[in-house]
Each structure stands twice: as C-alpha cells, then as structure tokens.
There are 2 protein chains.
Amino acid sequence: MDEVGLCYSSGVRNSRDDGPAALVRLVATGQAESRAELARLSGLAASSVSLRVEQLIGAGLFTEEGAGASRGGRRPRRLRLAREAGVFLVADLGAHHARLAVADLAGTPLALDDLACDISVGPEETLTAVIGSLRALARAHGLGEVPVRGVGVGLPGPVDPATGQVVSPSRMPGWNDFPVRDFVGAHAGVPALVENDANLMAAGEHRHSWPALDNLMVIKLGTGIGCGVIVDGRLHRGRGAAGDISHVRVLTEATVDCACGHPDCLEAHASGAAVAAALSGHGIEVERPSRIVDLVADGVPQATSAVRTAGRLIGEVLTGLVNFFNPDALVIGGSLSGAEPLVATIRGVIYERCLPLATRNLEIATSRAGRDASILGAGHLLLERSDTWIDHTLAR
Amino acid sequence: MDEVGLCYSSGVRNSRDDGPAALVRLVATGQAESRAELARLSGLAASSVSLRVEQLIGAGLFTEEGAGASRGGRRPRRLRLAREAGVFLVADLGAHHARLAVADLAGTPLALDDLACDISVGPEETLTAVIGSLRALARAHGLGEVPVRGVGVGLPGPVDPATGQVVSPSRMPGWNDFPVRDFVGAHAGVPALVENDANLMAAGEHRHSWPALDNLMVIKLGTGIGCGVIVDGRLHRGRGAAGDISHVRVLTEATVDCACGHPDCLEAHASGAAVAAALSGHGIEVERPSRIVDLVADGVPQATSAVRTAGRLIGEVLTGLVNFFNPDALVIGGSLSGAEPLVATIRGVIYERCLPLATRNLEIATSRAGRDASILGAGHLLLERSDTWIDHTLAR
DNA sequence: CCCACTTTCTTCGATATCGAAGTAGCTCAG
DNA sequence: CTGAGCTACTTCGATATCGAAGAAAGTGGG
C-alpha cells in the first residue's frame, strides 16, 4: 500500500538536456535572467550553476549587467548573452525572393534584409549569393567581428532531415538531391541547418507565441499550402515529408488535376495560386497572394467568395488531421492568413465537424510571430543544436 | 573554419533518462544482458554501472545467473530481472470481454486469462471484478507473493491522460468522467495506468516488433476503428483524443449517419460493425468481427466485396494521415486484420495515392505482436513510469 | 532605525561519477 | 599449449556535482 495515483512524472521541461548549453539556452530564450532562475529551471544545484556561469562569463558567452528586480529579497545579478557570444545567419528562401537576417542566439533578428533571387537558377548560384549577402548584412550592421555560430536556410520544399538534401521539390528545378546542408556548411565554415519553410515557421511560432503548448499545427497559406507540426515541444519531421497537407483529395464539383499527378488535391483547389486562378476566371488578375488579401479587405465579392470556398476545403482537410493529432493549438499563417473570411471559414468548419473532444481545448489563431516567424524558428533550432560549439568554446 | 556538417547530435536512444530505473529498463526489455552492455547503452561509465548493478542485486531486483556468450573475450556475467522483482497486472477491456494478464516487468505475459464481463454494468462493478480476477490469476500461478509494481487497464474509449478519466465514451454507458485511474490505484494499492486500447496496442506493437522505428501508426480494426500513434518513440496522446480516425468524413454513394451526429463517418461505413450490417443486408448474419475473417477466408463473395469496400475507404482516410505524419511504418491490427483482401486494398490505396516521398520508406504490415499487443504495451508503459518505486526500493 | 524574513549567491565538506589502469577470463592462431 | 589480443569487470585517484550552512543584499513592519 504505497503511494497511489502518482503516475505522471511531471518533469521540468528543461530537465532532459544538461551541460553548459542548457544554461545558454535558458538565458538566450529569456527564460532565466539570474543564477537563481537558472538553478530552478535547469534542475542543477545553485552552487553548480554559479560555477558554470563563472566559466561562461570567462568564455565570453555571458555578461553580468546590473541587477534585476527583487522578489522580496536580495536582487539578482542579471545575466545576459554577451554581444560577442555570436550570431546566427538565417535565410528564408521563396521562389523569387529571400528574406535574410542576422539573429542573436535567441533567434531575434538584429538585422533584416530582402534579396531578390530566382531560386530556379539552381542551388550553387543561389546559395552562394545568399551566403555572401548574409555576410555583407552582418558587416553592414557592425557585426562583422562577432563569431557566426550557425547558418540556417529555409526552403520551399521537402528536406530530408537525415541528409540535409532537398528531395523531389516541385517548385525548385535543379535542386533535387542537392546536398544543401553540406554545401552551405562548407561555404559558410560553420554548421548549417536546412529546413522546410513551413517547419521553420512552426518552430518560430511555437517558441515565440506558444511556448507553453506542446502540440501545435501551423498552416502556412501562401502561393502553396504548407504545414509544420510541433509534437511534444519538438518539430516533427518524419522522414522529411511530414506536414504535407496539400495533396489530400478533396470533394469538389469541378475536377482539377494537380501537378503531383492526382486529381483534386487540396493545393489545386485552395492554395493562393488556385484562388488567383479562380479570380483570373472572373477577369481579376492578381500577381501575389497578398493582393488577394487586399481584394478581400476591399470587399470585392468574387475574392471573398473564392477565399471562402478555399477555406471550406482547407477546413475539411484539417478536421481529419485535428481529430487524429489532437493539437493544443492550430495556427494559421502565411501571406493569405490576413484574409479574415478565410480564417473564419476554416475555424467554423473545424468547430462544426471535429469531435468535441478534439476541439474543447483547441485554440485556433492566426500567426502571432508574423512575417519573421521562420527567422525565429531557425534561430531556435540552431540554438538547440549548439551544444557542440558551446562545449568547444568553454574547453579552451 | 571549424568542423562542418555535424548538425545532428545522433544521440543514443536511452541517453536521456538516467538513474537506476534506466538500467532496470534496459535489462527488462532485453536490450542489455551484462554490465558491459548496460554501460554501452546507458552512456554511464563501466565502473558506475558495476556499482549500481551491485545495489540492484542487493535490492533483489537483479540476479546474476551464469555467463553469456563470449564476443571474442571474457564471457559476460549474465544479468536478469529477479523473479521477485515484481509483476504488473494488466487488463484489456472490451465491450463484453476482458483479457487479463500477469506480466513481468518487461510486459511479457506470465499468466493469461479471459473474463466475460459486460462493461455496461458500470465502472465500479467491472473494475472491482477485474482487479479481483487479476489477483486470483497471480495467486493461481504461484505469483501471489511477488510484489505488484503497477496495474494497467486498457479501455475501448478515450482516456484523458491528465486525469486518468474516461471522457465521452460512445460505447461505455456510465463511465463518462469516472476517475478510473484513481479508483484502480486505490483499490489495487499501486500506481495505475489507464489507457485507450488502441494506444496500448500501438505501444506494444512498437516495443515488440518495431523497436528501431520512431514513428508508427497502428490501426486497430475490430468492431470499431481505433488508432494509436507513436511519435519519436513515444506514445502520442494529445489531450486524450489523439489517434481518432473513425469520424472523418468519407466519400460514398449512400449516406449513413454516425452515432457522433455527423453523416458518413469512416466508422459508419468501414468498421467491423458496418461490414456486419452490410452483410446482414445480404442475409448473412455475423456475431463477431472475427467471423467476417472466416467468411472472407472461405471465399464468400459478399464478404470479400464488403471488406474491399471498407478497405478502400480506410485507405483513403489513411492517405491523408500518412502524408501528414509520414510514419516509418503503418501497422494494421485488430480482429479484422486477418482478412487479407482488406489489408491488400488498404495497402494498394496508400501506395497509389500517397506522395512518393511519404511511401518510399513506408512499411505497411499486419500486427506482429498479435492478440496480446495491448498487454505488452501496458507493461512497457508501466515500466517507463517505474522510476518512483525503483528509487524507493533501492533507498531502503 | 531595528529586526525578522526573503531571496540570491558563495563556501565547503560529503558523495557520486568518471576514466585510466589493472585484473580476470576467454578465443584463436600457430 | 602458449601467447597475443580481445572483452568483461574492478580498483582507485581525480573531478564534478550536490546540498547544507553561511554570507550578502534587499523588503517591510513596527
């Protein structure tokens, strides 16, 4: 007759990973600002934390600046990441455009830039240009001397997590099986992270806006339809294809063939490209998905109607996935997410058709991290993989 | 110009959890049989392993028996779980039947029994009878004096992982919101594990047949349609509803209303009950799903046809989920999984309609753990939560 | 201002883990 | 059967972590 019912080993979130990198993560993400907080969150003894923090300060990763707010006793000595601790270089590539950032170790952008580049010219040329521009961006903001700790690249296609290669991308001619991770790593001279853009967005949205939730679905509605999944607080990759929702068959009157070879894929009916095509049939030409949002905001009836139709189809696909995955929140982002009728329709379909059990605690929201979610996500993922260089830096 | 490309911190599977319980797990699951293997798999120093093993032997959890096979040098001293280390009591409840087992700490059944019991008489009566029968079963096999380390209960309905309560079960009148975990824990005097039956089956299938794979979908085809999901080597519960695939809308000619209130749910068209109903329309009455398997095996054309239709619908639902989740394997179990045309149809639809990227490494197989997969699964999950009593046992 | 109480951080002895070196026991080739 | 080479395990000194106690610094009430 021992204790009864204590079946869940509650477990502090960060207790699993240890080593100095855990402390860096806690400070970088702002979860901890003092030695005491580090001790509480890391599970280490206060004395051990003090020792390690001293080393981290000695290695130039932390700085001590001023004192924090008292919580009823002695004020804590505030810890921060040193400016010289390092930066990450991040590029989020689209079909005709790249968003560049120099970010601190928390993923927060210190400098942002946009670069026009056609991804179809091939990987070598594109990536070389991107890395050069990232370097230049860092120099232009006085960060030329700060060590680069990692490079992150977001791509609009599937990435094999085992090899860091792009696999069967539909819109990236010349990139198939190209070893992006190795190429970027070699040319930048630091470890590289290569990831699908929707996955980066999911990671960023999770860290930035929903850190307390463990299971998240993030939908990226733009020219195409992407999706990233956070399971148990970590990005779910599967074998590289995880998160694909665009090639499910949907029920529609007219049949449209998708580029993938099957009829009536969600993407062929409800993506930004499909909506644009539908509007074109009404004599309304739109060049970019964000124009659709403007048309909807202006009350153009054909646009609102088209977007509602797309929303219904997307919602119907999501019902099955929400029942199956049972996430804590469903986040809708991407350039089309500004169209309110679209989001409202999706929300309505899900609440109507899903199991009550799946929706009773389900939050359905639009992106809160906004346009730079992917940058944040890349920073977060790079930080998660920083154990190596942190240990290395301390050892010298 | 540091090292390049080492982006994935490969990481030994068991490195995350430590403490004496990790060693017990490795020995219980058969992954390690000697101190040397424990050291390799746990990541601990060989000397530390020796010390801890000595303690575990002293506490009566391990025994040393004989020597293992040489790997080219000194033969290892074989470690085994002591018989007196303990047992788990497990019950897998169906609507009219319970499968009972006394299992060792690895989940391997030491004694099995079947119990006829109508779940609709309510939770107190059912659970009291089940616990009594489990105790009797242990005594009958000379295990009356071995300490019971945990009780596992599988239920044919959704279980809230936070509270251990059944929530909105469709086929368990009187069980809604009943605190099964607390009740069983109190009446058995040990920590209780309460879990959905398909989830237990998934855990068992994973541990028993696919331990090297991290992402698994396990479909249970019986009277109803259940599904358990293994993500990153662990059971995914979501908020308790995860794995539901039976209430997705499917495309069919005739419309059937489902008990959930929506039309054309998968369950209403493709479950064992639905197939039985379809056969009944042809004048063929079947009392249990396994009879359908017999009819199919006997080549009864109506049965084969009905099963094929069900398989097509199930397969179509699964395509979307396979694209989304991108598992390493899809395992089909449950009493209907013996019907080969059913499995063949599902397999065919998935390979035809899914993304090549999602199916290129996808294994589609029928259950290998068989009828007692749930027992194994419960044992595994109970072992995962055994840190508390193991620490406690060592401390005395 | 004094004093009880809180929180933060450090000091220091006890303990646990590590890892290198040593011992035990086995295989295999000649 | 002998010795080189391998694996399994143990011994033992070095080191890292812990935790209790103490020092530092602040809050708030009388």
# chains A, B, ... in the order shown; residues from 1 in each chain; ligands from 1

$ residues_around --residues "DA14 in chain D" --least-positions-apart "6" --cutoff "12 Å" --atoms "only C-alpha atoms (C1' of nucleotides)" --output "ChimeraX atom specification"
/C:17-20

$ write_last_selection --atoms "C-alpha atoms (C1' of nucleotides)" --output "PDB file, in the first residue's frame"
ATOM      1  C1'  DT C  17      30.619   9.711 -11.313  1.00  0.00           C
ATOM      2  C1'  DC C  18      34.369   9.339 -14.332  1.00  0.00           C
ATOM      3  C1'  DG C  19      38.235   7.420 -16.691  1.00  0.00           C
ATOM      4  C1'  DA C  20      42.697   5.321 -16.795  1.00  0.00           C
TER       5       DA C  20
END

$ closest_atom_pairs --of "chain C" --to "chain A" --cutoff "8 Å" --atoms "only C-alpha atoms (C1' of nucleotides)" --output "tab-separated table"
residue	atom	partner	partner_atom	distance
C:DT6	C1'	A:Gly73	CA	4.5
C:DT7	C1'	A:Gly73	CA	3.9
C:DT8	C1'	A:Arg74	CA	5.5
C:DC9	C1'	A:Ser50	CA	7.7
C:DT10	C1'	A:Ser47	CA	7.4

$ select_by_dssp --residues "range 255-341 of chain A" --states "alpha helix (DSSP H)" --output "number ranges by chain"
A: 266-270, 272-281, 289-297, 301-325, 340-341

$ write_last_selection --atoms "N, CA and C atoms" --output "compact mmCIF listing (two decimals), in the first residue's frame"
# COMPACT_ATOMS: atom_id res chain seq x y z
N LEU A 266 -5.88 19.20 -52.51
CA LEU A 266 -6.23 20.44 -51.82
C LEU A 266 -5.52 21.63 -52.46
N GLU A 267 -4.25 21.45 -52.74
CA GLU A 267 -3.47 22.54 -53.28
C GLU A 267 -4.02 23.05 -54.61
N ALA A 268 -4.56 22.14 -55.41
CA ALA A 268 -5.07 22.53 -56.72
C ALA A 268 -6.35 23.34 -56.61
N HIS A 269 -6.99 23.27 -55.44
CA HIS A 269 -8.26 23.97 -55.28
C HIS A 269 -8.22 25.14 -54.32
N ALA A 270 -7.29 25.10 -53.37
CA ALA A 270 -7.41 26.06 -52.27
C ALA A 270 -6.14 26.85 -51.98
N GLY A 272 -3.11 29.68 -52.66
CA GLY A 272 -3.13 31.04 -53.17
C GLY A 272 -3.12 31.04 -54.70
N ALA A 273 -2.33 30.15 -55.27
CA ALA A 273 -2.26 30.05 -56.73
C ALA A 273 -3.63 29.67 -57.30
N ALA A 274 -4.31 28.72 -56.63
CA ALA A 274 -5.62 28.28 -57.12
C ALA A 274 -6.64 29.40 -57.01
N VAL A 275 -6.60 30.13 -55.91
CA VAL A 275 -7.53 31.25 -55.74
C VAL A 275 -7.26 32.31 -56.81
N ALA A 276 -5.98 32.56 -57.06
CA ALA A 276 -5.64 33.53 -58.10
C ALA A 276 -6.17 33.08 -59.45
N ALA A 277 -6.05 31.78 -59.72
CA ALA A 277 -6.55 31.27 -60.99
C ALA A 277 -8.06 31.43 -61.08
N ALA A 278 -8.74 31.18 -59.97
CA ALA A 278 -10.20 31.33 -59.96
C ALA A 278 -10.59 32.78 -60.23
N LEU A 279 -9.86 33.70 -59.61
CA LEU A 279 -10.16 35.11 -59.81
C LEU A 279 -9.87 35.51 -61.25
N SER A 280 -8.82 34.94 -61.80
CA SER A 280 -8.49 35.23 -63.18
C SER A 280 -9.66 34.86 -64.10
N GLY A 281 -10.36 33.80 -63.74
CA GLY A 281 -11.55 33.42 -64.49
C GLY A 281 -12.64 34.47 -64.44
N PRO A 289 -0.11 36.56 -53.66
CA PRO A 289 -1.18 36.18 -52.73
C PRO A 289 -1.64 37.35 -51.86
N SER A 290 -0.71 38.21 -51.48
CA SER A 290 -1.10 39.29 -50.58
C SER A 290 -2.11 40.23 -51.25
N ARG A 291 -2.10 40.27 -52.59
CA ARG A 291 -3.10 41.08 -53.30
C ARG A 291 -4.51 40.54 -53.04
N ILE A 292 -4.59 39.22 -52.89
CA ILE A 292 -5.90 38.62 -52.61
C ILE A 292 -6.44 39.15 -51.29
N VAL A 293 -5.55 39.26 -50.33
CA VAL A 293 -5.95 39.80 -49.03
C VAL A 293 -6.49 41.21 -49.19
N ASP A 294 -5.81 42.02 -50.01
CA ASP A 294 -6.27 43.38 -50.24
C ASP A 294 -7.67 43.38 -50.87
N LEU A 295 -7.85 42.54 -51.87
CA LEU A 295 -9.15 42.49 -52.55
C LEU A 295 -10.26 42.12 -51.56
N VAL A 296 -9.95 41.14 -50.70
CA VAL A 296 -10.95 40.71 -49.72
C VAL A 296 -11.25 41.87 -48.76
N ALA A 297 -10.18 42.55 -48.33
CA ALA A 297 -10.38 43.67 -47.41
C ALA A 297 -11.18 44.78 -48.06
N PRO A 301 -16.47 41.03 -54.02
CA PRO A 301 -17.25 39.83 -53.72
C PRO A 301 -16.64 38.55 -54.29
N GLN A 302 -16.10 38.62 -55.53
CA GLN A 302 -15.53 37.40 -56.09
C GLN A 302 -14.37 36.90 -55.25
N ALA A 303 -13.60 37.85 -54.72
CA ALA A 303 -12.44 37.46 -53.91
C ALA A 303 -12.90 36.81 -52.61
N THR A 304 -13.86 37.45 -51.95
CA THR A 304 -14.37 36.90 -50.71
C THR A 304 -14.94 35.51 -50.92
N SER A 305 -15.69 35.37 -51.99
CA SER A 305 -16.30 34.08 -52.29
C SER A 305 -15.24 33.01 -52.56
N ALA A 306 -14.25 33.37 -53.35
CA ALA A 306 -13.20 32.41 -53.68
C ALA A 306 -12.46 31.97 -52.43
N VAL A 307 -12.21 32.94 -51.56
CA VAL A 307 -11.46 32.66 -50.35
C VAL A 307 -12.29 31.81 -49.39
N ARG A 308 -13.59 32.02 -49.38
CA ARG A 308 -14.46 31.20 -48.54
C ARG A 308 -14.47 29.75 -49.03
N THR A 309 -14.54 29.61 -50.35
CA THR A 309 -14.51 28.26 -50.90
C THR A 309 -13.22 27.54 -50.52
N ALA A 310 -12.12 28.26 -50.65
CA ALA A 310 -10.83 27.68 -50.28
C ALA A 310 -10.82 27.32 -48.79
N GLY A 311 -11.34 28.21 -47.99
CA GLY A 311 -11.37 27.97 -46.55
C GLY A 311 -12.16 26.73 -46.18
N ARG A 312 -13.27 26.53 -46.87
CA ARG A 312 -14.08 25.36 -46.57
C ARG A 312 -13.30 24.08 -46.87
N LEU A 313 -12.62 24.07 -48.01
CA LEU A 313 -11.85 22.88 -48.39
C LEU A 313 -10.70 22.65 -47.41
N ILE A 314 -10.00 23.72 -47.08
CA ILE A 314 -8.89 23.58 -46.14
C ILE A 314 -9.41 23.09 -44.80
N GLY A 315 -10.50 23.67 -44.35
CA GLY A 315 -11.08 23.26 -43.08
C GLY A 315 -11.46 21.80 -43.07
N GLU A 316 -12.04 21.34 -44.16
CA GLU A 316 -12.46 19.93 -44.20
C GLU A 316 -11.27 18.99 -44.11
N VAL A 317 -10.18 19.39 -44.76
CA VAL A 317 -8.98 18.56 -44.65
C VAL A 317 -8.45 18.59 -43.21
N LEU A 318 -8.49 19.77 -42.62
CA LEU A 318 -7.92 19.91 -41.28
C LEU A 318 -8.73 19.15 -40.23
N THR A 319 -10.04 19.01 -40.43
CA THR A 319 -10.83 18.29 -39.42
C THR A 319 -10.26 16.92 -39.15
N GLY A 320 -9.98 16.20 -40.21
CA GLY A 320 -9.43 14.85 -40.03
C GLY A 320 -8.10 14.88 -39.29
N LEU A 321 -7.28 15.86 -39.62
CA LEU A 321 -5.96 15.93 -39.01
C LEU A 321 -6.05 16.37 -37.56
N VAL A 322 -7.00 17.25 -37.27
CA VAL A 322 -7.16 17.70 -35.88
C VAL A 322 -7.68 16.54 -35.01
N ASN A 323 -8.62 15.78 -35.53
CA ASN A 323 -9.09 14.60 -34.80
C ASN A 323 -7.94 13.64 -34.52
N PHE A 324 -7.11 13.46 -35.53
CA PHE A 324 -6.03 12.49 -35.44
C PHE A 324 -4.91 12.96 -34.52
N PHE A 325 -4.51 14.18 -34.69
CA PHE A 325 -3.33 14.69 -33.98
C PHE A 325 -3.71 15.33 -32.65
N GLU A 340 -9.60 37.64 -43.48
CA GLU A 340 -10.40 37.17 -42.36
C GLU A 340 -11.48 36.16 -42.71
N PRO A 341 -12.18 36.33 -43.81
CA PRO A 341 -13.20 35.32 -44.13
C PRO A 341 -12.60 33.93 -44.31

$ interface_residues --of "chain D" --to "chain A" --cutoff "12 Å" --atoms "only C-alpha atoms (C1' of nucleotides)" --output "ChimeraX atom specification"
/D:16-20,23-28

$ write_last_selection --atoms "N, CA and C atoms (P, O5', C5', C4', C3', O3' and C1' of nucleotides)" --output "compact mmCIF listing (two decimals), in the first residue's frame"
# COMPACT_ATOMS: atom_id res chain seq x y z
P DA D 16 36.30 18.96 -13.16
O5' DA D 16 34.74 18.65 -13.01
C5' DA D 16 34.22 17.45 -13.56
C4' DA D 16 32.81 17.21 -13.04
C3' DA D 16 31.95 18.46 -12.85
O3' DA D 16 30.63 18.12 -13.20
C1' DA D 16 32.24 17.38 -10.76
P DT D 17 29.52 19.24 -13.39
O5' DT D 17 28.45 18.93 -12.26
C5' DT D 17 27.96 17.61 -12.12
C4' DT D 17 27.42 17.41 -10.72
C3' DT D 17 26.50 18.54 -10.21
O3' DT D 17 25.18 18.04 -10.10
C1' DT D 17 28.04 17.80 -8.55
P DC D 18 24.00 18.93 -9.59
O5' DC D 18 23.99 18.54 -8.05
C5' DC D 18 24.12 17.17 -7.70
C4' DC D 18 24.17 17.02 -6.19
C3' DC D 18 23.17 17.91 -5.44
O3' DC D 18 22.38 17.11 -4.59
C1' DC D 18 25.40 18.17 -4.57
P DG D 19 20.94 17.69 -4.15
O5' DG D 19 21.17 18.10 -2.62
C5' DG D 19 21.95 17.26 -1.78
C4' DG D 19 22.37 18.03 -0.55
C3' DG D 19 21.37 19.09 -0.07
O3' DG D 19 21.49 19.19 1.34
C1' DG D 19 23.39 20.13 -0.52
P DA D 20 20.20 19.43 2.24
O5' DA D 20 20.86 19.86 3.63
C5' DA D 20 22.06 19.21 4.05
C4' DA D 20 22.99 20.20 4.73
C3' DA D 20 22.29 21.29 5.54
O3' DA D 20 23.02 21.52 6.74
C1' DA D 20 23.66 22.31 3.93
P DA D 23 28.95 33.52 8.04
O5' DA D 23 29.08 34.51 6.78
C5' DA D 23 29.92 34.15 5.68
C4' DA D 23 29.52 34.99 4.47
C3' DA D 23 29.25 36.46 4.81
O3' DA D 23 29.81 37.26 3.78
C1' DA D 23 27.35 35.49 3.78
P DA D 24 29.72 38.84 3.95
O5' DA D 24 28.70 39.25 2.80
C5' DA D 24 28.85 38.71 1.50
C4' DA D 24 27.69 39.18 0.63
C3' DA D 24 27.31 40.64 0.85
O3' DA D 24 27.13 41.24 -0.42
C1' DA D 24 25.42 39.27 1.11
P DA D 25 26.97 42.82 -0.52
O5' DA D 25 25.41 42.97 -0.76
C5' DA D 25 24.80 42.32 -1.87
C4' DA D 25 23.31 42.44 -1.74
C3' DA D 25 22.82 43.84 -1.34
O3' DA D 25 21.85 44.26 -2.26
C1' DA D 25 21.77 42.18 -0.07
P DG D 26 21.37 45.80 -2.26
O5' DG D 26 19.80 45.72 -1.99
C5' DG D 26 19.03 44.87 -2.81
C4' DG D 26 17.79 44.39 -2.08
C3' DG D 26 16.90 45.48 -1.49
O3' DG D 26 15.74 45.64 -2.30
C1' DG D 26 17.11 43.59 -0.06
P DT D 27 14.63 46.74 -1.84
O5' DT D 27 13.67 45.83 -0.95
C5' DT D 27 13.01 44.72 -1.52
C4' DT D 27 11.92 44.23 -0.57
C3' DT D 27 10.96 45.33 -0.10
O3' DT D 27 9.63 44.86 -0.22
C1' DT D 27 11.94 44.23 1.77
P DG D 28 8.45 45.89 -0.05
O5' DG D 28 8.07 45.70 1.48
C5' DG D 28 7.77 44.38 1.97
C4' DG D 28 7.49 44.47 3.45
C3' DG D 28 6.69 45.71 3.87
O3' DG D 28 5.81 45.34 4.92
C1' DG D 28 8.71 45.66 5.04

$ residues_around --residues "range 140-148 of chain B" --least-positions-apart "3" --cutoff "9 Å" --atoms "only C-alpha atoms (C1' of nucleotides)" --output "PyMOL selection string"
chain B and resi 83-89+102+110-111+135-137+151+188-190

$ write_last_selection --atoms "N, CA and C atoms" --output "compact mmCIF listing (two decimals), in the first residue's frame"
# COMPACT_ATOMS: atom_id res chain seq x y z
N ARG B 83 13.01 -12.88 -10.24
CA ARG B 83 11.59 -13.22 -10.27
C ARG B 83 10.83 -12.40 -9.24
N GLU B 84 11.48 -12.15 -8.09
CA GLU B 84 10.83 -11.40 -7.03
C GLU B 84 10.85 -9.89 -7.28
N ALA B 85 11.42 -9.48 -8.44
CA ALA B 85 11.48 -8.05 -8.73
C ALA B 85 10.08 -7.46 -8.79
N GLY B 86 9.14 -8.26 -9.27
CA GLY B 86 7.78 -7.77 -9.29
C GLY B 86 7.05 -8.14 -10.57
N VAL B 87 5.78 -7.88 -10.57
CA VAL B 87 4.95 -8.12 -11.75
C VAL B 87 4.01 -6.93 -11.96
N PHE B 88 3.50 -6.84 -13.15
CA PHE B 88 2.44 -5.91 -13.46
C PHE B 88 1.16 -6.70 -13.69
N LEU B 89 0.06 -6.15 -13.26
CA LEU B 89 -1.25 -6.75 -13.56
C LEU B 89 -1.89 -5.92 -14.67
N VAL B 102 -0.97 -11.46 -15.99
CA VAL B 102 0.09 -11.11 -15.06
C VAL B 102 1.35 -11.08 -15.90
N LEU B 110 3.10 -13.68 -18.04
CA LEU B 110 3.46 -14.89 -17.31
C LEU B 110 2.23 -15.76 -17.12
N ALA B 111 1.07 -15.14 -17.15
CA ALA B 111 -0.19 -15.88 -16.99
C ALA B 111 -1.27 -15.08 -17.70
N ARG B 135 -5.82 -10.55 -9.29
CA ARG B 135 -5.16 -11.05 -8.08
C ARG B 135 -5.23 -12.57 -8.03
N ALA B 136 -6.43 -13.10 -8.34
CA ALA B 136 -6.61 -14.56 -8.30
C ALA B 136 -5.70 -15.23 -9.33
N LEU B 137 -5.60 -14.62 -10.49
CA LEU B 137 -4.75 -15.17 -11.54
C LEU B 137 -3.30 -15.25 -11.09
N VAL B 151 -0.60 -1.53 -12.07
CA VAL B 151 -1.76 -2.12 -12.72
C VAL B 151 -2.05 -1.32 -13.98
N ALA B 188 -6.19 -1.22 -5.93
CA ALA B 188 -5.10 -2.18 -6.10
C ALA B 188 -3.94 -1.84 -5.17
N GLY B 189 -3.90 -0.60 -4.69
CA GLY B 189 -2.84 -0.20 -3.77
C GLY B 189 -1.51 0.09 -4.46
N VAL B 190 -1.52 0.20 -5.77
CA VAL B 190 -0.31 0.55 -6.50
C VAL B 190 -0.67 1.53 -7.62

$ residues_around --residues "DA29 in chain C" --least-positions-apart "4" --cutoff "12 Å" --atoms "only C-alpha atoms (C1' of nucleotides)" --output "NGL selection string"
:D and (1-5)

$ atom_distance --atom1 "CA of Gly94 in chain B" --atom2 "CA of Val194 in chain B"
13.7 Å

$ closest_residue --among "B:Ser133, B:Ser374, B:Ser337, B:Asn326" --to "Leu355 in chain B" --atoms "only C-alpha atoms"
B:Asn326

$ closest_residue --among "B:Val286, B:Ala106, B:Ala32, B:Ala39" --to "DC9 in chain D" --atoms "only C-alpha atoms (C1' of nucleotides)"
B:Ala39

$ closest_residue --among "A:Leu381, A:Leu38, A:Ala67, A:Ala116" --to "chain B" --atoms "only C-alpha atoms"
A:Leu381

$ closest_residue --among "B:Leu376, B:Val248, B:Ala202, B:Ala95" --to "chain A" --atoms "only C-alpha atoms"
B:Val248

$ decode --residues "range 212-224 of chain A" --atoms "N, CA and C atoms" --output "PDB file, in the first residue's frame"
ATOM      1  N   ALA A 212       4.243  27.493 -24.078  1.00  0.00           N
ATOM      2  CA  ALA A 212       3.728  26.585 -23.052  1.00  0.00           C
ATOM      3  C   ALA A 212       2.979  25.403 -23.650  1.00  0.00           C
ATOM      4  N   LEU A 213       2.676  25.462 -24.930  1.00  0.00           N
ATOM      5  CA  LEU A 213       1.915  24.377 -25.547  1.00  0.00           C
ATOM      6  C   LEU A 213       2.864  23.376 -26.190  1.00  0.00           C
ATOM      7  N   ASP A 214       2.495  22.112 -26.107  1.00  0.00           N
ATOM      8  CA  ASP A 214       3.394  21.068 -26.576  1.00  0.00           C
ATOM      9  C   ASP A 214       3.055  20.560 -27.970  1.00  0.00           C
ATOM     10  N   ASN A 215       1.799  20.695 -28.361  1.00  0.00           N
ATOM     11  CA  ASN A 215       1.381  20.131 -29.645  1.00  0.00           C
ATOM     12  C   ASN A 215       0.702  21.193 -30.495  1.00  0.00           C
ATOM     13  N   LEU A 216       1.324  21.464 -31.607  1.00  0.00           N
ATOM     14  CA  LEU A 216       0.916  22.592 -32.428  1.00  0.00           C
ATOM     15  C   LEU A 216       0.859  22.181 -33.897  1.00  0.00           C
ATOM     16  N   MET A 217      -0.170  22.692 -34.593  1.00  0.00           N
ATOM     17  CA  MET A 217      -0.189  22.588 -36.057  1.00  0.00           C
ATOM     18  C   MET A 217      -0.103  23.993 -36.598  1.00  0.00           C
ATOM     19  N   VAL A 218       0.825  24.240 -37.483  1.00  0.00           N
ATOM     20  CA  VAL A 218       0.957  25.563 -38.072  1.00  0.00           C
ATOM     21  C   VAL A 218       0.789  25.441 -39.575  1.00  0.00           C
ATOM     22  N   ILE A 219      -0.201  26.161 -40.092  1.00  0.00           N
ATOM     23  CA  ILE A 219      -0.507  26.095 -41.519  1.00  0.00           C
ATOM     24  C   ILE A 219       0.013  27.356 -42.185  1.00  0.00           C
ATOM     25  N   LYS A 220       0.721  27.181 -43.252  1.00  0.00           N
ATOM     26  CA  LYS A 220       1.234  28.335 -43.994  1.00  0.00           C
ATOM     27  C   LYS A 220       0.472  28.469 -45.296  1.00  0.00           C
ATOM     28  N   LEU A 221      -0.360  29.478 -45.380  1.00  0.00           N
ATOM     29  CA  LEU A 221      -1.166  29.681 -46.581  1.00  0.00           C
ATOM     30  C   LEU A 221      -0.562  30.802 -47.405  1.00  0.00           C
ATOM     31  N   GLY A 222      -0.002  30.446 -48.532  1.00  0.00           N
ATOM     32  CA  GLY A 222       0.568  31.449 -49.429  1.00  0.00           C
ATOM     33  C   GLY A 222       0.286  31.003 -50.836  1.00  0.00           C
ATOM     34  N   THR A 223       1.288  31.089 -51.691  1.00  0.00           N
ATOM     35  CA  THR A 223       1.109  30.570 -53.044  1.00  0.00           C
ATOM     36  C   THR A 223       0.758  29.086 -52.974  1.00  0.00           C
ATOM     37  N   GLY A 224       1.447  28.381 -52.091  1.00  0.00           N
ATOM     38  CA  GLY A 224       1.123  26.982 -51.850  1.00  0.00           C
ATOM     39  C   GLY A 224       0.533  26.827 -50.462  1.00  0.00           C
TER      40      GLY A 224
END
